[in-house]
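Structure below is data.cif: mmCIF, C-alpha atoms.
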data_input
#
loop_
_atom_site.group_PDB
_atom_site.id
_atom_site.type_symbol
_atom_site.label_atom_id
_atom_site.label_comp_id
_atom_site.auth_asym_id
_atom_site.auth_seq_id
_atom_site.Cartn_x
_atom_site.Cartn_y
_atom_site.Cartn_z
ATOM 1 C CA MET I 69 9.146 -22.760 -27.783
ATOM 2 C CA ARG I 70 6.922 -19.719 -27.905
ATOM 3 C CA PRO I 71 4.656 -19.244 -24.862
ATOM 4 C CA ARG I 72 0.976 -19.676 -25.563
ATOM 5 C CA ALA I 73 -0.827 -16.331 -25.604
ATOM 6 C CA ARG I 74 -4.180 -15.839 -24.020
ATOM 7 C CA PRO I 75 -6.763 -13.920 -26.083
ATOM 8 C CA ALA I 76 -7.712 -10.516 -24.747
ATOM 9 C CA GLY I 77 -11.426 -11.391 -24.847
ATOM 10 C CA ALA I 78 -14.345 -9.064 -24.433
ATOM 11 C CA LEU I 79 -12.556 -6.977 -21.799
ATOM 12 C CA ALA I 80 -10.100 -5.602 -24.364
ATOM 13 C CA PRO I 81 -10.622 -1.854 -24.934
ATOM 14 C CA PRO I 82 -12.182 -0.922 -28.279
ATOM 15 C CA SER I 83 -9.800 0.550 -30.805
ATOM 16 C CA PRO I 84 -10.078 4.363 -30.868
ATOM 17 C CA VAL I 85 -9.907 4.253 -34.666
ATOM 18 C CA THR I 86 -11.921 1.757 -36.700
ATOM 19 C CA ASN I 87 -10.967 2.719 -40.258
ATOM 20 C CA GLY I 88 -7.589 0.974 -40.287
ATOM 21 C CA SER I 89 -5.542 4.041 -39.372
ATOM 22 C CA ALA I 90 -4.078 2.664 -36.143
ATOM 23 C CA LEU I 91 -1.625 0.008 -35.094
ATOM 24 C CA VAL I 92 -3.020 -3.324 -33.941
ATOM 25 C CA ILE I 93 -2.309 -5.304 -30.748
ATOM 26 C CA GLU I 94 -2.401 -9.076 -31.186
ATOM 27 C CA ASP I 95 -1.488 -12.161 -29.150
ATOM 28 C CA PHE I 96 -1.933 -10.364 -25.855
ATOM 29 C CA GLY I 97 -1.407 -12.692 -22.917
ATOM 30 C CA TYR I 98 0.901 -13.784 -20.119
ATOM 31 C CA SER I 99 3.908 -16.018 -19.710
ATOM 32 C CA PRO I 100 3.274 -19.707 -18.874
ATOM 33 C CA ALA I 101 4.538 -19.178 -15.318
ATOM 34 C CA GLN I 102 2.188 -16.244 -14.778
ATOM 35 C CA MET I 103 -0.758 -18.159 -16.216
ATOM 36 C CA ALA I 104 -0.003 -21.078 -13.908
ATOM 37 C CA TYR I 105 0.226 -18.728 -10.919
ATOM 38 C CA GLN I 106 -3.111 -17.099 -11.789
ATOM 39 C CA ALA I 107 -4.710 -20.517 -12.128
ATOM 40 C CA GLU I 108 -3.448 -21.379 -8.645
ATOM 41 C CA VAL I 109 -4.408 -18.242 -6.709
ATOM 42 C CA GLY I 110 -7.266 -16.906 -8.821
ATOM 43 C CA ASN I 111 -8.077 -13.342 -9.782
ATOM 44 C CA ARG I 112 -7.659 -11.074 -6.740
ATOM 45 C CA ALA I 113 -8.284 -7.807 -8.576
ATOM 46 C CA PRO I 114 -11.170 -5.672 -7.275
ATOM 47 C CA GLU I 115 -14.397 -5.688 -9.224
ATOM 48 C CA MET I 116 -14.491 -3.272 -12.111
ATOM 49 C CA VAL I 117 -16.461 -0.013 -11.960
ATOM 50 C CA ASP I 118 -18.256 1.651 -14.866
ATOM 51 C CA SER I 119 -18.133 5.346 -15.779
ATOM 52 C CA LYS I 120 -21.062 6.068 -13.430
ATOM 53 C CA GLY I 121 -19.355 4.533 -10.417
ATOM 54 C CA GLN I 122 -21.451 1.378 -10.408
ATOM 55 C CA VAL I 123 -19.632 -1.815 -9.445
ATOM 56 C CA LEU I 124 -19.728 -4.481 -12.143
ATOM 57 C CA THR I 125 -20.412 -7.490 -9.941
ATOM 58 C CA GLY I 126 -18.222 -10.461 -10.772
ATOM 59 C CA GLN I 127 -16.184 -8.623 -13.434
ATOM 60 C CA ARG I 128 -12.580 -8.273 -12.302
ATOM 61 C CA GLY I 129 -10.840 -7.832 -15.639
ATOM 62 C CA GLU I 130 -7.231 -8.784 -16.250
ATOM 63 C CA VAL I 131 -4.685 -9.153 -13.446
ATOM 64 C CA PHE I 132 -0.915 -9.506 -13.344
ATOM 65 C CA TYR I 133 0.947 -10.516 -10.181
ATOM 66 C CA LYS I 134 4.135 -8.492 -10.425
ATOM 67 C CA ASP I 135 5.922 -10.063 -7.447
ATOM 68 C CA ALA I 136 5.523 -13.699 -8.415
ATOM 69 C CA THR I 137 8.940 -15.351 -8.503
ATOM 70 C CA PRO I 138 11.211 -15.889 -10.266
ATOM 71 C CA LYS I 139 10.357 -12.561 -11.832
ATOM 72 C CA ALA I 140 12.134 -13.345 -15.089
ATOM 73 C CA ASP I 141 9.465 -15.991 -15.777
ATOM 74 C CA HIS I 142 6.492 -13.690 -15.153
ATOM 75 C CA TYR I 143 5.657 -11.099 -17.783
ATOM 76 C CA ILE I 144 2.997 -9.657 -20.085
ATOM 77 C CA GLN I 145 3.429 -10.415 -23.768
ATOM 78 C CA PHE I 146 1.914 -8.987 -26.938
ATOM 79 C CA ARG I 147 2.689 -8.237 -30.547
ATOM 80 C CA VAL I 148 2.233 -4.928 -32.392
ATOM 81 C CA LEU I 149 1.340 -5.048 -36.098
ATOM 82 C CA LEU I 150 0.382 -2.688 -38.877
ATOM 83 C CA PRO I 151 -3.278 -2.552 -39.846
ATOM 84 C CA PRO I 152 -4.148 -5.291 -42.353
ATOM 85 C CA ALA I 153 -4.482 -2.853 -45.257
ATOM 86 C CA LEU I 154 -0.842 -1.760 -44.934
ATOM 87 C CA ARG I 155 0.915 -5.060 -44.176
ATOM 88 C CA ASP I 156 1.493 -6.047 -47.791
ATOM 89 C CA THR I 157 2.712 -2.651 -48.980
ATOM 90 C CA HIS I 158 4.917 -1.438 -46.157
ATOM 91 C CA PRO I 159 7.773 -3.045 -44.215
ATOM 92 C CA GLU I 160 7.037 -4.116 -40.682
ATOM 93 C CA ASP I 161 10.599 -3.955 -39.378
ATOM 94 C CA LEU I 162 10.050 -0.615 -37.678
ATOM 95 C CA GLU I 163 10.925 0.583 -34.199
ATOM 96 C CA LEU I 164 8.298 1.286 -31.575
ATOM 97 C CA ASP I 165 7.888 3.640 -28.646
ATOM 98 C CA LEU I 166 6.201 2.108 -25.595
ATOM 99 C CA LYS I 167 4.609 4.142 -22.820
ATOM 100 C CA LEU I 168 3.002 3.028 -19.584
ATOM 101 C CA CYS I 169 -0.456 4.576 -19.168
ATOM 102 C CA PHE I 170 -3.287 4.705 -16.680
ATOM 103 C CA ALA I 171 -6.337 3.076 -18.219
ATOM 104 C CA PRO I 172 -9.660 4.974 -18.214
ATOM 105 C CA SER I 173 -11.196 5.181 -14.750
ATOM 106 C CA LEU I 174 -13.606 7.282 -12.740
ATOM 107 C CA ASP I 175 -11.043 10.087 -12.743
ATOM 108 C CA SER I 176 -10.663 10.227 -16.518
ATOM 109 C CA ASP I 177 -12.209 8.675 -19.625
ATOM 110 C CA GLU I 178 -8.859 8.702 -21.427
ATOM 111 C CA HIS I 179 -5.607 6.803 -21.301
ATOM 112 C CA ILE I 180 -3.145 9.029 -19.429
ATOM 113 C CA GLU I 181 0.585 8.422 -19.497
ATOM 114 C CA VAL I 182 2.148 7.973 -16.078
ATOM 115 C CA GLY I 183 4.735 10.555 -15.048
ATOM 116 C CA PRO I 184 8.247 10.488 -16.530
ATOM 117 C CA GLY I 185 9.646 9.259 -13.231
ATOM 118 C CA ASP I 186 7.360 6.212 -13.288
ATOM 119 C CA GLN I 187 7.955 5.169 -16.893
ATOM 120 C CA ASN I 188 10.953 3.138 -15.742
ATOM 121 C CA HIS I 189 8.478 0.755 -14.055
ATOM 122 C CA LEU I 190 7.792 -0.642 -17.513
ATOM 123 C CA LYS I 191 10.636 -3.116 -17.896
ATOM 124 C CA ARG I 192 11.502 -5.397 -20.780
ATOM 125 C CA CYS I 193 11.846 -9.082 -19.988
ATOM 126 C CA ASP I 194 14.204 -10.785 -22.436
ATOM 127 C CA PRO I 195 13.713 -14.459 -23.329
ATOM 128 C CA SER I 196 15.939 -16.984 -21.671
ATOM 129 C CA ARG I 197 18.635 -18.843 -23.588
ATOM 130 C CA ARG I 198 16.840 -22.181 -23.336
ATOM 131 C CA GLU I 199 14.021 -20.877 -25.537
ATOM 132 C CA ASN I 200 16.325 -20.549 -28.572
ATOM 133 C CA ALA I 201 14.647 -17.245 -29.398
ATOM 134 C CA PRO I 202 16.392 -14.620 -31.576
ATOM 135 C CA PRO I 203 18.439 -12.101 -29.591
ATOM 136 C CA PRO I 204 16.430 -9.026 -28.554
ATOM 137 C CA THR I 205 16.943 -5.781 -30.385
ATOM 138 C CA ASP I 206 17.874 -2.512 -28.735
ATOM 139 C CA ARG I 207 14.358 -1.188 -29.177
ATOM 140 C CA PRO I 208 10.978 -2.907 -29.519
ATOM 141 C CA ARG I 209 9.886 -3.512 -33.096
ATOM 142 C CA LEU I 210 6.791 -4.311 -35.100
ATOM 143 C CA GLY I 211 5.897 -7.958 -35.499
ATOM 144 C CA VAL I 212 8.098 -9.188 -32.657
ATOM 145 C CA MET I 213 6.647 -10.787 -29.533
ATOM 146 C CA LEU I 214 7.238 -8.192 -26.806
ATOM 147 C CA ARG I 215 7.659 -9.220 -23.210
ATOM 148 C CA TYR I 216 7.309 -6.600 -20.490
ATOM 149 C CA ARG I 217 6.769 -6.343 -16.782
ATOM 150 C CA VAL I 218 4.917 -3.547 -14.978
ATOM 151 C CA GLU I 219 6.477 -2.877 -11.569
ATOM 152 C CA LEU I 220 4.031 -0.141 -10.525
ATOM 153 C CA GLY I 221 1.258 -1.571 -8.351
ATOM 154 C CA SER I 222 -2.374 -0.604 -8.824
ATOM 155 C CA TYR I 223 -3.174 -0.667 -5.096
ATOM 156 C CA ARG I 224 -0.991 2.348 -4.299
ATOM 157 C CA GLN I 225 -2.330 4.202 -7.351
ATOM 158 C CA GLY I 226 -5.948 4.245 -6.237
ATOM 159 C CA ASP I 227 -6.682 0.805 -7.747
ATOM 160 C CA LYS I 228 -6.072 2.160 -11.242
ATOM 161 C CA ARG I 229 -5.355 -0.264 -14.057
ATOM 162 C CA PHE I 230 -2.535 0.070 -16.523
ATOM 163 C CA SER I 231 -2.165 -0.315 -20.257
ATOM 164 C CA ILE I 232 0.850 -0.111 -22.549
ATOM 165 C CA LYS I 233 0.650 2.299 -25.472
ATOM 166 C CA ALA I 234 2.605 1.350 -28.589
ATOM 167 C CA SER I 235 3.321 3.863 -31.363
ATOM 168 C CA LEU I 236 5.830 4.065 -34.184
ATOM 169 C CA ALA I 237 9.102 5.729 -33.239
ATOM 170 C CA PRO I 238 9.720 8.993 -35.093
ATOM 171 C CA ALA I 239 11.976 8.568 -38.111
ATOM 172 C CA ASP I 240 12.819 10.672 -41.149
ATOM 173 C CA ASP I 241 12.361 7.886 -43.687
ATOM 174 C CA VAL I 242 8.925 6.688 -42.515
ATOM 175 C CA ALA I 243 6.248 6.779 -45.199
ATOM 176 C CA PRO I 244 3.497 9.365 -44.682
ATOM 177 C CA ALA I 245 0.880 6.615 -44.438
ATOM 178 C CA LEU I 246 2.777 5.081 -41.529
ATOM 179 C CA ALA I 247 3.594 8.378 -39.833
ATOM 180 C CA ALA I 248 -0.132 9.141 -39.679
ATOM 181 C CA LEU I 249 -0.980 5.923 -37.839
ATOM 182 C CA ASN I 250 -2.372 6.229 -34.343
ATOM 183 C CA GLY I 251 -0.961 4.182 -31.518
ATOM 184 C CA ALA I 252 -2.494 1.051 -29.997
ATOM 185 C CA ARG I 253 -3.010 0.110 -26.369
ATOM 186 C CA THR I 254 -3.034 -3.205 -24.617
ATOM 187 C CA THR I 255 -5.872 -4.500 -22.508
ATOM 188 C CA PRO I 256 -6.094 -2.699 -19.133
ATOM 189 C CA VAL I 257 -4.481 -4.820 -16.422
ATOM 190 C CA TYR I 258 -4.694 -4.625 -12.641
ATOM 191 C CA ILE I 259 -1.128 -4.913 -11.306
ATOM 192 C CA ALA I 260 -1.240 -6.819 -8.024
ATOM 193 C CA SER I 261 1.330 -8.222 -5.622
ATOM 194 C CA LYS I 262 1.751 -11.836 -4.708
ATOM 195 C CA VAL I 263 -0.857 -13.756 -2.769
ATOM 196 C CA LYS I 264 0.011 -14.911 0.743
ATOM 197 C CA ARG I 265 0.105 -18.694 0.838
ATOM 198 C CA PRO I 266 0.763 -21.131 3.699
ATOM 199 C CA ARG I 267 4.304 -22.477 3.902
ATOM 200 C CA ALA I 268 3.114 -26.005 3.043
ATOM 201 C CA GLN I 269 1.848 -24.785 -0.336
ATOM 202 C CA ARG I 270 5.115 -23.170 -1.415
ATOM 203 C CA GLY I 271 7.362 -24.968 -3.825
ATOM 204 C CA ARG I 272 10.632 -23.295 -2.746
ATOM 205 C CA GLU I 273 11.870 -21.860 0.509
ATOM 206 C CA ASP I 274 13.189 -18.792 -1.299
ATOM 207 C CA ASP I 275 9.774 -18.110 -2.831
ATOM 208 C CA GLU I 276 9.058 -15.026 -0.755
ATOM 209 C CA ASP I 277 5.512 -13.733 -0.398
ATOM 210 C CA ASP I 278 4.796 -10.037 -0.742
ATOM 211 C CA LEU I 279 2.677 -8.996 2.231
ATOM 212 C CA SER I 280 1.268 -5.906 0.506
ATOM 213 C CA VAL I 281 -1.107 -8.008 -1.562
ATOM 214 C CA SER I 282 -3.615 -5.793 -3.266
ATOM 215 C CA PRO I 283 -6.422 -5.262 -2.663
ATOM 216 C CA GLN I 284 -6.736 -7.576 0.372
ATOM 217 C CA PRO I 285 -3.532 -7.732 2.465
ATOM 218 C CA ALA I 286 -2.853 -11.116 4.015
ATOM 219 C CA ALA I 287 -1.688 -11.872 7.538
ATOM 220 C CA THR I 288 1.943 -11.436 8.420
ATOM 221 C CA ARG I 289 4.235 -14.475 8.269
ATOM 222 C CA ALA I 290 6.919 -14.429 10.975
ATOM 223 C CA ARG I 291 10.387 -15.558 9.947
ATOM 224 C CA THR I 292 13.322 -16.182 12.255
ATOM 225 C CA GLY I 293 16.120 -13.679 11.711
ATOM 226 C CA ALA I 294 14.125 -11.558 9.264
ATOM 227 C CA ARG I 295 12.090 -8.488 10.051
ATOM 228 C CA PRO I 296 8.658 -8.739 8.450
ATOM 229 C CA PRO I 297 7.750 -5.800 6.225
ATOM 230 C CA TYR I 298 4.290 -5.615 7.782
ATOM 231 C CA ARG I 299 3.333 -5.914 11.424
ATOM 232 C CA ALA I 300 -0.162 -6.895 12.441
ATOM 233 C CA ALA I 301 -1.955 -4.836 15.087
ATOM 234 C CA PRO I 302 -1.465 -6.199 18.630
ATOM 235 C CA THR I 303 -4.383 -8.161 20.012
ATOM 236 C CA LEU I 304 -5.863 -7.187 23.378
ATOM 237 C CA PRO I 305 -6.009 -9.854 26.095
ATOM 238 C CA SER I 306 -9.428 -11.294 26.787
ATOM 239 C CA LEU I 307 -10.822 -10.599 30.279
ATOM 240 C CA ALA I 308 -12.904 -13.011 32.265
ATOM 241 C CA PRO I 309 -15.878 -11.655 34.275
ATOM 242 C CA SER I 310 -13.881 -12.170 37.484
ATOM 243 C CA ASP I 311 -11.060 -9.982 36.091
ATOM 244 C CA VAL I 312 -13.505 -7.195 35.272
ATOM 245 C CA ALA I 313 -14.986 -7.351 38.767
ATOM 246 C CA ASP I 314 -11.503 -7.136 40.291
ATOM 247 C CA ILE I 315 -10.669 -4.040 38.238
ATOM 248 C CA VAL I 316 -13.910 -2.327 39.297
ATOM 249 C CA ALA I 317 -13.167 -3.135 42.960
ATOM 250 C CA ARG I 318 -9.687 -1.602 42.684
ATOM 251 C CA ILE I 319 -11.109 1.582 41.154
ATOM 252 C CA ASP I 320 -13.673 1.852 43.967
ATOM 253 C CA HIS I 321 -10.880 1.394 46.530
ATOM 254 C CA VAL I 322 -8.818 4.190 44.988
ATOM 255 C CA GLU I 323 -11.840 6.496 44.938
ATOM 256 C CA GLN I 324 -12.516 5.756 48.624
ATOM 257 C CA LEU I 325 -8.894 6.522 49.566
ATOM 258 C CA ILE I 326 -9.102 9.869 47.809
ATOM 259 C CA PHE I 327 -12.184 10.995 49.725
ATOM 260 C CA THR I 328 -11.298 9.487 53.123
ATOM 261 C CA ARG I 329 -7.532 10.103 53.324
ATOM 262 C CA VAL I 330 -6.211 12.519 50.722
ATOM 263 C CA VAL I 331 -8.925 15.179 50.737
ATOM 264 C CA PRO I 332 -9.031 15.561 54.560
ATOM 265 C CA ALA I 333 -5.221 15.703 54.687
ATOM 266 C CA LEU I 334 -5.137 18.440 52.072
ATOM 267 C CA ASN I 335 -7.794 20.357 53.978
ATOM 268 C CA ARG I 336 -5.648 20.239 57.147
ATOM 269 C CA ILE I 337 -2.624 21.482 55.181
ATOM 270 C CA GLU I 338 -4.719 24.365 53.916
ATOM 271 C CA GLU I 339 -5.681 25.260 57.495
ATOM 272 C CA ARG I 340 -2.001 25.239 58.579
ATOM 273 C CA LEU I 341 -0.972 27.519 55.719
ATOM 274 C CA ARG I 342 -3.875 29.935 56.004
ATOM 275 C CA PRO I 343 -1.830 32.526 58.004
ATOM 276 C CA LEU I 344 0.477 32.791 54.977
ATOM 277 C CA ASP I 345 -2.300 33.486 52.451
ATOM 278 C CA LEU I 346 -2.231 36.698 50.457
ATOM 279 C CA ASP I 347 -5.391 38.723 50.081
ATOM 280 C CA ASP I 348 -7.483 38.757 46.912
ATOM 281 C CA ASP I 349 -5.201 41.328 45.310
ATOM 282 C CA PRO I 350 -3.094 39.330 42.771
ATOM 283 C CA PHE I 351 -0.458 42.052 42.590
ATOM 284 C CA GLY I 352 0.840 42.082 46.116
ATOM 285 C CA PRO I 353 0.391 41.125 49.811
ATOM 286 C CA SER I 354 -2.146 42.696 52.132
ATOM 287 C CA GLU I 355 -1.240 45.825 54.049
ATOM 288 C CA GLU I 356 -0.918 43.959 57.372
ATOM 289 C CA PRO I 357 0.136 40.370 56.685
ATOM 290 C CA ALA I 358 -0.102 38.056 59.672
ATOM 291 C CA VAL I 359 3.259 36.476 58.857
ATOM 292 C CA ASP I 360 6.301 37.855 57.065
ATOM 293 C CA ALA I 361 6.220 35.471 54.108
ATOM 294 C CA ALA I 362 9.370 37.004 52.605
ATOM 295 C CA GLY I 363 11.518 35.616 55.391
ATOM 296 C CA LEU I 364 9.839 32.202 55.570
ATOM 297 C CA SER I 365 12.027 29.272 54.542
ATOM 298 C CA TRP I 366 10.879 25.913 53.120
ATOM 299 C CA SER I 367 11.634 24.222 56.445
ATOM 300 C CA ASP I 368 9.406 26.724 58.218
ATOM 301 C CA ALA I 369 6.605 26.015 55.741
ATOM 302 C CA VAL I 370 6.891 22.266 56.260
ATOM 303 C CA ALA I 371 6.907 22.754 60.045
ATOM 304 C CA ALA I 372 3.773 24.887 59.736
ATOM 305 C CA MET I 373 2.001 21.990 57.986
ATOM 306 C CA GLY I 374 2.344 19.781 61.049
ATOM 307 C CA SER I 375 1.094 16.229 60.895
ATOM 308 C CA GLY I 376 -1.184 17.032 57.980
ATOM 309 C CA PHE I 377 1.729 16.790 55.527
ATOM 310 C CA ASP I 378 2.752 13.324 56.754
ATOM 311 C CA GLU I 379 -0.796 11.992 56.504
ATOM 312 C CA ALA I 380 -1.162 13.323 52.964
ATOM 313 C CA LYS I 381 2.144 11.766 51.950
ATOM 314 C CA GLU I 382 1.123 8.447 53.508
ATOM 315 C CA ALA I 383 -2.217 8.492 51.719
ATOM 316 C CA LEU I 384 -0.607 9.248 48.387
ATOM 317 C CA MET I 385 1.849 6.379 48.899
ATOM 318 C CA VAL I 386 -1.082 4.080 49.580
ATOM 319 C CA LEU I 387 -2.660 5.228 46.288
ATOM 320 C CA GLU I 388 0.572 4.518 44.437
ATOM 321 C CA GLY I 389 0.706 1.000 45.848
ATOM 322 C CA ALA I 390 -2.899 0.408 44.861
#

Mind turning this structure into structure tokens?
Amino acid sequence: MRPRARPAGALAPPSPVTNGSALVIEDFGYSPAQMAYQAEVGNRAPEMVDSKGQVLTGQRGEVFYKDATPKADHYIQFRVLLPPALRDTHPEDLELDLKLCFAPSLDSDEHIEVGPGDQNHLKRCDPSRRENAPPPTDRPRLGVMLRYRVELGSYRQGDKRFSIKASLAPADDVAPALAALNGARTTPVYIASKVKRPRAQRGREDDEDDLSVSPQPAATRARTGARPPYRAAPTLPSLAPSDVADIVARIDHVEQLIFTRVVPALNRIEERLRPLDLDDDPFGPSEEPAVDAAGLSWSDAVAAMGSGFDEAKEALMVLEGA
């Protein structure tokens, strides 16, 4: 049973060539499982933006949820055909080259192929055995329903949409009329992650939700024995007015201790150590120092502080307990 295709609609990009000199994309749509998932969660793609940067309110375009499970049942499908004028005179059993491209955006008015390292995110999805479909060929071909998944998310690519470019594979025996054909591109699609759903709405326990839903991440779901891939920011405790008043009182108490206990104790220590002060010359002692500082030990310095040191220590301990 062949999955029902959804028409591309008015959002499909216009063909770059209108005189029949380009391949044609037909039967663009999604797998039944993907269509059912979209009907359940809705279109979560961001609103589209025109070439002038204006948001097209309410227009979200096409969306594909790449992390919906099981992944083998979720794919984009389409068929590539020759232009109508060439279908009766040329064979359609020809190989295709498929490339993943960025669709036109504010950065560029053209379709731009993604880098070579990201082309492997375009993955073929073969039909299951229960569909009684013909076995897939080594390479995509004209006239065959193609099923592909795009594993590169739009959210991490600046919300760019993707299209798949189909062109005839180079061959020595291709007729000149076919070799001159331009490629065709699918409808631009926003590639999103899964939508976070409550546990009660999930059909299977192993139906994991991707927490990097684009463009609006959902809250984290905690699971026993599993580390969540996303951690929500910690929430601050709420303070009652009485708690705030208590904090202010503690701060005032600390400030009072500083001025009534610590500062006077430090002043007394300074008075005890004044005979050991050097003069204003930073390079050496005065000519007639009152005390020979070179022979003064740490015990002598502590003894010179007298009771001032003990009071300062006691005051600082009081601060620490506060």

Point-to-point distance in Å for atom CA of I:Asp186 and atom CA of I:Gln102 =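 Computing the Euclidean distance for atom CA of I:Gln102 and atom CA of I:Asp186 yields 23.1 Å.
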
Exercise for review: Please write as a list in words the full residue list that the PyMOL selection byres ((chain I and resi 92) around 7) yields on this file.
Suggested key: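 Going through the file, the PyMOL selection byres ((chain I and resi 92) around 7) ends up selecting Ala90, Leu91, Ile93, Glu94, Val148, Leu149, Leu150, Pro151 and Ala252 of chain I.
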
Those same residues - C-alpha atoms - I'd like them written as a compact mmCIF listing (two decimals), in the coordinates of the input.
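Saved as part_24.txt:
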# COMPACT_ATOMS: atom_id res chain seq x y z
CA ALA I 90 -4.08 2.66 -36.14
CA LEU I 91 -1.62 0.01 -35.09
CA ILE I 93 -2.31 -5.30 -30.75
CA GLU I 94 -2.40 -9.08 -31.19
CA VAL I 148 2.23 -4.93 -32.39
CA LEU I 149 1.34 -5.05 -36.10
CA LEU I 150 0.38 -2.69 -38.88
CA PRO I 151 -3.28 -2.55 -39.85
CA ALA I 252 -2.49 1.05 -30.00

- prompt: What's the 6 Å shell around I:Tyr98, counting only C-alpha atoms, without same-chain residues fewer than 6 positions away, as a list of chain:residue names?
  reply: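 Final neighbour list, sorted by chain and number: I:Tyr143, I:Ile144, I:Gln145.
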
Please produce a file of the residues just selected, as a CSV table (one decimal), in the coordinates of the input, where the atoms kept are C-alpha atoms.
chain,number,residue,atom,x,y,z
I,143,TYR,CA,5.7,-11.1,-17.8
I,144,ILE,CA,3.0,-9.7,-20.1
I,145,GLN,CA,3.4,-10.4,-23.8

Using only C-alpha atoms, can you tell me which of I:Ala317, I:Ala308, I:Ala140, I:Val257 comes closest to I:Arg215?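 For I:Arg215, the nearest of the given residues is I:Ala140.
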
- Name all residues at most 10 Å from I:Gly126 (count all atoms listed in the file; drop same-chain ones fewer than 5 positions away) and give them as a PyMOL selection string. chain I and resi 114-116

Q. What residues come out when you apply the PyMOL selection byres ((chain I and resi 246) around 9) to this file, written as a ChimeraX atom specification?
A. /I:89,150,154,158,236,242-245,247-250

**Asked** So what do you get for atom CA of I:Asp95 versus atom CA of I:Arg147, distance-wise?
**Response**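 That distance, rounded to one decimal, is 5.9 Å.
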
Using all atoms listed in the file, give me every residue within 6 Å of (5.4, -0.3, -38.6) in file coordinates, as a short mmCIF file (atom, residue, chain, number, x, y, z; two decimals) with C-alpha atoms, in the frame of the given file.
data_model
loop_
_atom_site.label_atom_id
_atom_site.label_comp_id
_atom_site.auth_asym_id
_atom_site.auth_seq_id
_atom_site.Cartn_x
_atom_site.Cartn_y
_atom_site.Cartn_z
CA LEU I 150 0.38 -2.69 -38.88
CA GLU I 160 7.04 -4.12 -40.68
CA LEU I 162 10.05 -0.62 -37.68
CA LEU I 210 6.79 -4.31 -35.10
#

message: As a check of understanding, name the residues that the PyMOL selection byres ((chain I and resi 188) around 10) selects in the supplied structure, as a ChimeraX atom specification.
response: /I:167-168,183-187,189-192,218-220

From the list I:Gly97, I:Pro309, I:Gly251, I:Pro332, the nearest residue to I:His179 using only C-alpha atoms is I:Gly251

| Expressed in Å to a single decimal, how great is the separation between atom CA of I:Ala171 and atom CA of I:Val123? |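 That distance, rounded to one decimal, is 16.7 Å.
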
I'd like the box whose edges run along x, y and z of the file and which contains every listed atom of stretch 111-118 of chain I, padded by 3 Å per side; could you state its centre and edge lengths in Å, one decimal, as AutoDock Vina command-line options?
--center_x -13.0 --center_y -5.8 --center_z -10.8 --size_x 16.6 --size_y 21.0 --size_z 14.1

Would you kindly return, as a PyMOL selection string, each protein, DNA or RNA residue with an atom no farther than 12 Å from any atom of I:Gly226, considering all atoms listed in the file and excluding same-chain residues fewer than 4 positions away?
-> chain I and resi 114+170+173-175+220-222+230+258-259+282-283

Nearest to I:Glu108, restricted to only C-alpha atoms and choosing among I:Val263, I:Leu307, I:Ala237, I:Ala313, comes out as I:Val263

Exercise for the section: Extract, using all atoms listed in the file, all DNA, RNA and protein residues at most 9 Å from I:Pro172, discarding same-chain residues fewer than 3 positions from it, and format them as a list in words. Expected result: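 Neighbouring residues, sequence-local ones excluded: Ser119, Asp175, Ser176, Asp177, Glu178, His179, Ile180, Lys228, Arg229, Phe230 and Pro256 of chain I.
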
Using all atoms listed in the file, which of the listed residues (I:Cys193, I:Asp227, I:Val330, I:Phe132) sits closest to I:Met213?
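Going through I:Cys193, I:Asp227, I:Val330, I:Phe132 one by one, the smallest distance to I:Met213 is for I:Cys193.
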